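Reading through the structure tokens given below for one structure.
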Amino acid sequence: MPGRLNSATAQPYVLGLFRMVVGLLFACHGAASLFGVLGGAAGGGTIDAGTWPGWYAAVIQLVGGGLVLLGLGTRAAAVISSGSMAYAYFKVHQPGALWPMENGGEASVMFCWAFLLLAFTGSGAFGLDRLLARRTSEREQSAPERQTPVAA
């Protein structure tokens with residue numbers, strides 16, 4: 001059993017599942033804040049459009065989470081999402097207390113580090129990034145080589 005857990009063949013699939021779960025949860029946070037679904041923003045309701053930083057954070061959560069969930073532009077979306085969660089922790093949570101358990105910033109810290117991991121590892125299996133890259137490489141390999149005429 002330990003051999004299977006360390007297997008390089010399983011790693012892309014586990015990473016892909018991890019990416020999808022983190023992306024879905026992050027997108028749900030954004031949808032709750034923007035549209036009032038799933039319990040809404042802090043205590044119910046929505047965040048007023050254009051308010052800083054809450055509304056912008058919710059847009060990053062919805063769009064970034066959706067892109068990470070799909071595995072489309074994963075590294076860029078993960079960097080932006082990680083940065084937004086670092087900002088959320090240090091500007092919103094950390095002034096209240098030092099430790100995340102004391103200031104309610106556990107989710108911000110976990111999302112920040114999860115997205116930083118995805119920024120370095122990429123999308124793993126099941127991502128649209130891989131599918132598009134595979135199609136592009138197949139198309140390039142199957143296209144006949146175009147030779148330029150040589151002028152005498």
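Following the order of the structure tokens, first chain is A, next is B, and so on, with residues numbered from 1 inside each chain and ligands from 1 in the order they appear.
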As an NGL selection string, please: every residue in stretch 14-127 of chain A that a backbone DSSP assignment puts in alpha helix (DSSP H). :A and (14-35 or 54-70 or 74-87 or 100-103 or 106-121)
Contacts of stretch 107-134 of chain A with stretch 95-103 of chain A up to 12 Å, shortest pair per row, only C-alpha atoms, as a Markdown table:
| residue | atom | partner | partner_atom | distance |
| --- | --- | --- | --- | --- |
| A:Ala107 | CA | A:Pro100 | CA | 8.6 |
| A:Ser108 | CA | A:Pro100 | CA | 8.7 |
| A:Val109 | CA | A:Pro100 | CA | 7.5 |
| A:Met110 | CA | A:Pro100 | CA | 9.9 |
Name the residues in contact with A:Leu118 at a cut-off of 10 Å, using only C-alpha atoms, excluding same-chain residues fewer than 4 positions from it; report them as JSON, numbers by chain. {"A": [15, 16, 18, 19, 22, 68, 74, 75, 76, 77, 78, 79, 82, 113, 114, 122, 123, 124]}
File dump, residues just selected, C-alpha atoms, as a JSON list (two decimals), in the first residue's frame:
[["chain", "number", "residue", "atom", "x", "y", "z"],
["A", 15, "LEU", "CA", -3.46, 16.78, -7.73],
["A", 16, "GLY", "CA", -6.28, 17.21, -10.25],
["A", 18, "PHE", "CA", -7.29, 18.54, -5.11],
["A", 19, "ARG", "CA", -7.42, 21.40, -7.64],
["A", 22, "VAL", "CA", -10.18, 23.84, -3.85],
["A", 68, "VAL", "CA", -8.95, 26.61, -11.12],
["A", 74, "THR", "CA", -4.55, 27.37, -13.49],
["A", 75, "ARG", "CA", -1.17, 28.83, -12.61],
["A", 76, "ALA", "CA", -2.15, 32.46, -13.28],
["A", 77, "ALA", "CA", -5.53, 32.11, -11.55],
["A", 78, "ALA", "CA", -3.85, 30.42, -8.58],
["A", 79, "VAL", "CA", -1.26, 33.20, -8.20],
["A", 82, "SER", "CA", -3.30, 33.19, -3.48],
["A", 113, "TRP", "CA", -1.25, 28.13, 0.65],
["A", 114, "ALA", "CA", -3.38, 25.75, -1.44],
["A", 122, "GLY", "CA", 0.03, 23.22, -12.23],
["A", 123, "SER", "CA", -3.37, 21.70, -12.88],
["A", 124, "GLY", "CA", -2.61, 17.99, -12.65]]
For a quick check of understanding, using only C-alpha atoms, which of A:Leu69, A:Ala119, A:Ala86, A:Ile60 has the smallest distance to A:Ala31?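 Once distances to A:Ala31 are computed over only C-alpha atoms, the minimum belongs to A:Ile60.
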In Å, with one decimal, what is the gap from atom CA of A:Gln61 to atom CA of A:Gln11?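 Computed distance, atom CA of A:Gln61 to atom CA of A:Gln11, equals 25.9 Å.
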Can you pull out every residue within 9 Å of A:Ser81, counting only C-alpha atoms, but drop anything in the same chain fewer than 6 positions away, and send it as a VMD selection string? chain A and resid 26 57 60 to 61 64 to 65 111 to 112 115 to 116
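Distances to A:Ile47 were evaluated for A:Val14, A:Leu67, A:Leu34, A:Val59 using only C-alpha atoms, and the minimum falls at A:Leu34.
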Residues at most 6 Å from A:Gly30, counting only C-alpha atoms, excluding those fewer than 2 positions away in the same chain, as a ChimeraX atom specification? /A:27-28,32-33,58,61-62
Restrict the selected residues to N, CA, C and O atoms and save them as a compact mmCIF listing (two decimals), in the first residue's frame.
# COMPACT_ATOMS: atom_id res chain seq x y z
N ALA A 27 -14.85 29.16 -5.45
CA ALA A 27 -15.91 29.75 -6.27
C ALA A 27 -17.21 29.88 -5.47
O ALA A 27 -17.94 30.86 -5.65
N CYS A 28 -17.47 28.92 -4.61
CA CYS A 28 -18.68 29.00 -3.77
C CYS A 28 -18.62 30.21 -2.83
O CYS A 28 -19.64 30.86 -2.59
N ALA A 32 -21.43 33.11 -3.01
CA ALA A 32 -22.19 33.47 -1.81
C ALA A 32 -22.14 34.98 -1.58
O ALA A 32 -23.16 35.59 -1.26
N SER A 33 -20.99 35.56 -1.76
CA SER A 33 -20.84 37.00 -1.52
C SER A 33 -21.49 37.84 -2.60
O SER A 33 -22.07 38.89 -2.32
N ALA A 58 -14.58 39.00 -3.85
CA ALA A 58 -15.60 38.04 -4.25
C ALA A 58 -15.52 37.73 -5.75
O ALA A 58 -15.71 36.58 -6.16
N GLN A 61 -12.65 35.49 -6.19
CA GLN A 61 -13.01 34.15 -5.71
C GLN A 61 -13.85 33.40 -6.73
O GLN A 61 -13.59 32.22 -7.01
N LEU A 62 -14.85 34.06 -7.28
CA LEU A 62 -15.74 33.39 -8.24
C LEU A 62 -15.00 33.04 -9.53
O LEU A 62 -15.03 31.90 -9.98
Which of A:Arg134, A:Tyr89, A:Arg139, A:Leu70 sits closest to A:Met20 [using only C-alpha atoms]: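 Among the listed residues, A:Leu70 lies closest to A:Met20.
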May I ask for the distance between atom CA of A:Asp129 and atom CA of A:Ser84, given in Å to one decimal place?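 About the pair atom CA of A:Asp129 and atom CA of A:Ser84: they are 22.6 Å apart.
Among A:Gln141, A:Val63, A:Gly83, A:Phe126, the residue with the shortest atom-to-atom distance to A:Leu24, counting only C-alpha atoms, is A:Val63.
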